[in-house]
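Report on one structure; see the data block that follows.
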Amino acid sequence: MIEKWIENKRIAIASKHQKQQVIQPLFLDLFNCTFISTDIDTDLLGTFSGEIERKLSSYETAIEKCRMAFKVTDADYAIASEGSFGPHPTLFFVPADEEFLLFMSRDEKLIIWAKHISTETNYNQIDNPTEQELKDFLIRIQFPSHKVIFKGEKKIEKGIENINILNQLVSYARQNNHTFRIETDMRAYCNPSRMKVIEETTHKLLEKINSNCPSCDLPGFSVQEAVKGLPCSQCGLPTQSTLKHIKVCQHCNHQEEIFFPRGIKEEDPTYCSFCNP
Ligand SMILES: [Zn+2]
Ligand SMILES: [Zn+2]
């Protein structure tokens with residue numbers, strides 16, 4: 001039973017960017033647990049807008065954030081999230097939002113994480129735009145529901161959602177021949193698209209938490225690999241479709257193979273590269 005690990009436990013979300021709005025309700029749908037809010041400055045570990053350079057990986061940063069949350073609360077578990085933005089790893093030139101969500105126990109024996117990449121992001125920036133370019137940019141990134149950051153030569157202003165404030169900053173820069181950049185503010189509470197991706201990542205995390213290992217009984221028994229090769233129903237040759245999932249325990253490394261995870265034992269010849277090249 002997974003419940004014994006989570007029921008009536010206290011969970012802290014290591015964030016000051018209101019991510020609990022999406023994470024908390026999804027946990028409460030499954031478990032009877034309590035959430036503790038924290039007000040820790042996780043920005044000290046690195047920010048998106050580049051004032052503080054990130055030196056740790058997403059995994060290491062998330063672990064550090066959880067440790068910070070444990071210091072200031074008496075929570076049993078902590079959840080930390082890390083987002084990174086840039087070109088999609090396989091779809092070139094398509095911007096992507098990669099979210100990493102980590103759930104950790106105070107003694108650090110239980111660490112479960114999930115990663116999710118989405119192209120549903122407005123991540124973008126523009127340098128010294130003309131009036132028209134700025135207009136088009138703001139429409140494209142869904143301003144003002146999605147806030148922006150203004151970076152001038154003398155001034156950085158974050159979380160801008162008021163067009164008058166943005167226009168003032170831009171006119172001042174133009175009048176003084178200063179260069180400036182406007183970029184999407186990717187902090188979760190400034191960016192509803194990112195909140196949505198964090199929500200999807202939470203579903204993935206909960207799916208992992210909500211399955212326990214048949215060998216050691218700890219939560220976090222999850223699919224680590226999908227193996228291709230489902231046979232074609234006409235010629236019997238292996239196709240690119242998934243034949244089996246390999247589930248691995250994140251704690252004791254116990255493994256299990258789940259054949260035919262989609263519930264079908266043969267693939268339609270439409271998807272066979274021999275029958276339908
Ligand atoms: Zn195990
Ligand atoms: Zn075939």
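Residue numbering restarts at 1 in every chain; chains get A, B, ... in the order shown in the structure tokens, and ligands count up from 1 in that same order.
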
Quick one: residues within 7 Å of ligand 2, with only C-alpha atoms and all ligand atoms, as a PyMOL selection string?
chain A and resi 232-237+269+272-275

Just the residues within 10 Å of segment 135-140 of chain A, please, counting only C-alpha atoms, with nothing from its chain fewer than 5 positions along; format it as a list in words.
Asn122, Asn124, Gln125, Ile126, Pro129, Thr130, His146, Lys147, Val148, Ile163, Ile182, Glu183 and Thr184 of chain A

Step one, run DSSP on the backbone; step two, keep only residues of segment 33-272 of chain A assigned to alpha helix (DSSP H); then write them as a PyMOL selection string.
chain A and resi 58-72+131-140+163-175+192-209

10 Å from ligand 1 is the threshold here; counting only C-alpha atoms and all ligand atoms, which polymer residues fall inside it? Answer as a compact mmCIF listing (two decimals) with N, CA and C atoms, in the first residue's frame.
# COMPACT_ATOMS: atom_id res chain seq x y z
N ASN A 212 4.18 0.88 -6.00
CA ASN A 212 5.27 0.41 -5.13
C ASN A 212 5.95 -0.83 -5.67
N CYS A 213 7.18 -1.00 -5.27
CA CYS A 213 8.01 -2.09 -5.76
C CYS A 213 7.57 -3.41 -5.12
N PRO A 214 7.36 -4.46 -5.94
CA PRO A 214 6.93 -5.75 -5.39
C PRO A 214 8.01 -6.39 -4.53
N SER A 215 9.24 -5.95 -4.68
CA SER A 215 10.33 -6.56 -3.92
C SER A 215 10.57 -5.83 -2.59
N CYS A 216 10.78 -4.50 -2.63
CA CYS A 216 11.11 -3.79 -1.38
C CYS A 216 9.95 -2.96 -0.84
N ASP A 217 8.86 -2.86 -1.60
CA ASP A 217 7.63 -2.18 -1.18
C ASP A 217 7.71 -0.65 -1.15
N LEU A 218 8.86 -0.08 -1.50
CA LEU A 218 8.94 1.38 -1.50
C LEU A 218 8.23 1.96 -2.74
N PRO A 219 7.67 3.17 -2.61
CA PRO A 219 7.06 3.80 -3.79
C PRO A 219 8.13 4.16 -4.83
N GLY A 220 7.72 4.30 -6.08
CA GLY A 220 8.66 4.74 -7.11
C GLY A 220 9.05 3.62 -8.06
N PHE A 221 8.15 2.64 -8.24
CA PHE A 221 8.41 1.55 -9.17
C PHE A 221 7.82 1.96 -10.51
N VAL A 248 11.50 -0.33 -13.33
CA VAL A 248 12.66 -0.47 -12.46
C VAL A 248 12.39 0.25 -11.14
N CYS A 249 12.75 -0.39 -10.03
CA CYS A 249 12.63 0.24 -8.72
C CYS A 249 13.79 1.21 -8.55
N GLN A 250 13.48 2.46 -8.15
CA GLN A 250 14.54 3.46 -8.00
C GLN A 250 15.40 3.21 -6.75
N HIS A 251 14.98 2.23 -5.93
CA HIS A 251 15.71 2.00 -4.67
C HIS A 251 16.52 0.72 -4.70
N CYS A 252 15.84 -0.43 -5.04
CA CYS A 252 16.56 -1.71 -4.95
C CYS A 252 16.91 -2.27 -6.33
N ASN A 253 16.53 -1.53 -7.42
CA ASN A 253 16.82 -1.95 -8.78
C ASN A 253 16.08 -3.20 -9.25
N HIS A 254 15.08 -3.64 -8.48
CA HIS A 254 14.23 -4.74 -8.93
C HIS A 254 13.60 -4.37 -10.27
N GLN A 255 13.58 -5.33 -11.23
CA GLN A 255 13.05 -5.03 -12.56
C GLN A 255 11.91 -5.97 -12.93

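Checking A:Ala188, A:Thr119, A:Lys109, A:Ile63 one by one against Thr90 of chain A, counting only C-alpha atoms, you find the shortest gap at A:Thr119.
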
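In this model, the gap between atom CA of Val170 of chain A and atom CA of Pro192 of chain A comes to 24.6 Å.
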
Atom CA of Ser222 of chain A to atom CA of Ala114 of chain A: how many Å, to one decimal?
10.1 Å

What parts of segment 71-267 of chain A does DSSP call strand (DSSP E)? I'd like the answer as a ChimeraX atom specification.
/A:77-87,95-105,111-118,125-127,148-151,156-160,181-184,221-228,242-249,255-259

Please, what distance in Å, to one decimal, runs between atom CA of Thr242 of chain A and atom CA of Pro261 of chain A?
7.6 Å

If we count only C-alpha atoms and set the cut-off at 7 Å, which residues sit around segment 7-11 of chain A, ignoring sequence neighbours fewer than 4 positions away in its own chain? Please answer as a ChimeraX atom specification.
/A:3,31-36,75-78

Would you save the residues from that selection as a PDB file, in the first residue's frame, using C-alpha atoms?
ATOM      1  CA  GLU A   3      -0.947   5.242   1.279  1.00  0.00           C
ATOM      2  CA  PHE A  31      -3.702  11.239  -0.737  1.00  0.00           C
ATOM      3  CA  ASN A  32      -4.858  12.655   2.532  1.00  0.00           C
ATOM      4  CA  CYS A  33      -1.798  14.770   3.316  1.00  0.00           C
ATOM      5  CA  THR A  34      -1.051  18.299   4.512  1.00  0.00           C
ATOM      6  CA  PHE A  35       0.860  20.945   2.610  1.00  0.00           C
ATOM      7  CA  ILE A  36       3.150  23.402   4.317  1.00  0.00           C
ATOM      8  CA  ALA A  75       7.787  18.562   6.812  1.00  0.00           C
ATOM      9  CA  ASP A  76       8.148  14.812   6.213  1.00  0.00           C
ATOM     10  CA  TYR A  77       8.600  15.318   2.476  1.00  0.00           C
ATOM     11  CA  ALA A  78       9.606  18.155   0.200  1.00  0.00           C
TER      12      ALA A  78
END

Among listed residues A:Leu206, A:Leu91, A:Ile198, A:Leu56, nearest Ile112 of chain A (using only C-alpha atoms)
A:Leu206

Contacts of Pro87 of chain A within 12 Å, only C-alpha atoms, excl. fewer than 5 positions in-chain, as a list in words:
Phe92, Phe93, Val94, Pro95, Ala96, Asp97, Glu98, Ile117, Ser118, Thr119, Thr121, Asn122, Tyr123 and Asn124 of chain A

Export N, CA and C atoms of the chosen residues as a PDB file, in the first residue's frame?
ATOM      1  N   PHE A  92      14.418  20.681 -33.944  1.00  0.00           N
ATOM      2  CA  PHE A  92      15.294  21.842 -33.992  1.00  0.00           C
ATOM      3  C   PHE A  92      14.503  23.139 -34.113  1.00  0.00           C
ATOM      4  N   PHE A  93      14.978  24.175 -33.471  1.00  0.00           N
ATOM      5  CA  PHE A  93      14.415  25.528 -33.533  1.00  0.00           C
ATOM      6  C   PHE A  93      13.042  25.653 -32.892  1.00  0.00           C
ATOM      7  N   VAL A  94      12.534  24.575 -32.308  1.00  0.00           N
ATOM      8  CA  VAL A  94      11.256  24.674 -31.607  1.00  0.00           C
ATOM      9  C   VAL A  94      11.552  24.890 -30.126  1.00  0.00           C
ATOM     10  N   PRO A  95      11.060  26.004 -29.551  1.00  0.00           N
ATOM     11  CA  PRO A  95      11.338  26.224 -28.129  1.00  0.00           C
ATOM     12  C   PRO A  95      10.606  25.209 -27.254  1.00  0.00           C
ATOM     13  N   ALA A  96      11.256  24.791 -26.184  1.00  0.00           N
ATOM     14  CA  ALA A  96      10.655  23.779 -25.311  1.00  0.00           C
ATOM     15  C   ALA A  96      10.843  24.148 -23.849  1.00  0.00           C
ATOM     16  N   ASP A  97       9.936  23.659 -23.040  1.00  0.00           N
ATOM     17  CA  ASP A  97       9.979  23.841 -21.590  1.00  0.00           C
ATOM     18  C   ASP A  97      10.191  22.453 -20.992  1.00  0.00           C
ATOM     19  N   GLU A  98      11.329  22.272 -20.343  1.00  0.00           N
ATOM     20  CA  GLU A  98      11.598  20.990 -19.696  1.00  0.00           C
ATOM     21  C   GLU A  98      11.453  21.169 -18.189  1.00  0.00           C
ATOM     22  N   ILE A 117       8.936  17.125 -21.061  1.00  0.00           N
ATOM     23  CA  ILE A 117       9.291  18.169 -22.035  1.00  0.00           C
ATOM     24  C   ILE A 117       8.051  18.546 -22.830  1.00  0.00           C
ATOM     25  N   SER A 118       7.795  19.834 -22.920  1.00  0.00           N
ATOM     26  CA  SER A 118       6.631  20.292 -23.680  1.00  0.00           C
ATOM     27  C   SER A 118       7.041  21.424 -24.618  1.00  0.00           C
ATOM     28  N   THR A 119       6.398  21.446 -25.799  1.00  0.00           N
ATOM     29  CA  THR A 119       6.648  22.561 -26.717  1.00  0.00           C
ATOM     30  C   THR A 119       5.587  23.640 -26.522  1.00  0.00           C
ATOM     31  N   THR A 121       5.157  26.297 -24.924  1.00  0.00           N
ATOM     32  CA  THR A 121       5.785  27.357 -24.143  1.00  0.00           C
ATOM     33  C   THR A 121       5.874  28.616 -24.982  1.00  0.00           C
ATOM     34  N   ASN A 122       5.853  29.762 -24.317  1.00  0.00           N
ATOM     35  CA  ASN A 122       5.983  31.036 -25.033  1.00  0.00           C
ATOM     36  C   ASN A 122       7.413  31.570 -24.917  1.00  0.00           C
ATOM     37  N   TYR A 123       8.327  30.741 -24.421  1.00  0.00           N
ATOM     38  CA  TYR A 123       9.711  31.160 -24.180  1.00  0.00           C
ATOM     39  C   TYR A 123      10.287  31.886 -25.399  1.00  0.00           C
ATOM     40  N   ASN A 124      10.695  33.147 -25.204  1.00  0.00           N
ATOM     41  CA  ASN A 124      11.157  33.953 -26.328  1.00  0.00           C
ATOM     42  C   ASN A 124      11.785  35.248 -25.821  1.00  0.00           C
TER      43      ASN A 124
END

Restricting the calculation to only C-alpha atoms: of A:Asn276, A:Ser171, A:Asn210, A:Asn177, which residue gets closest to Leu30 of chain A?
A:Asn210
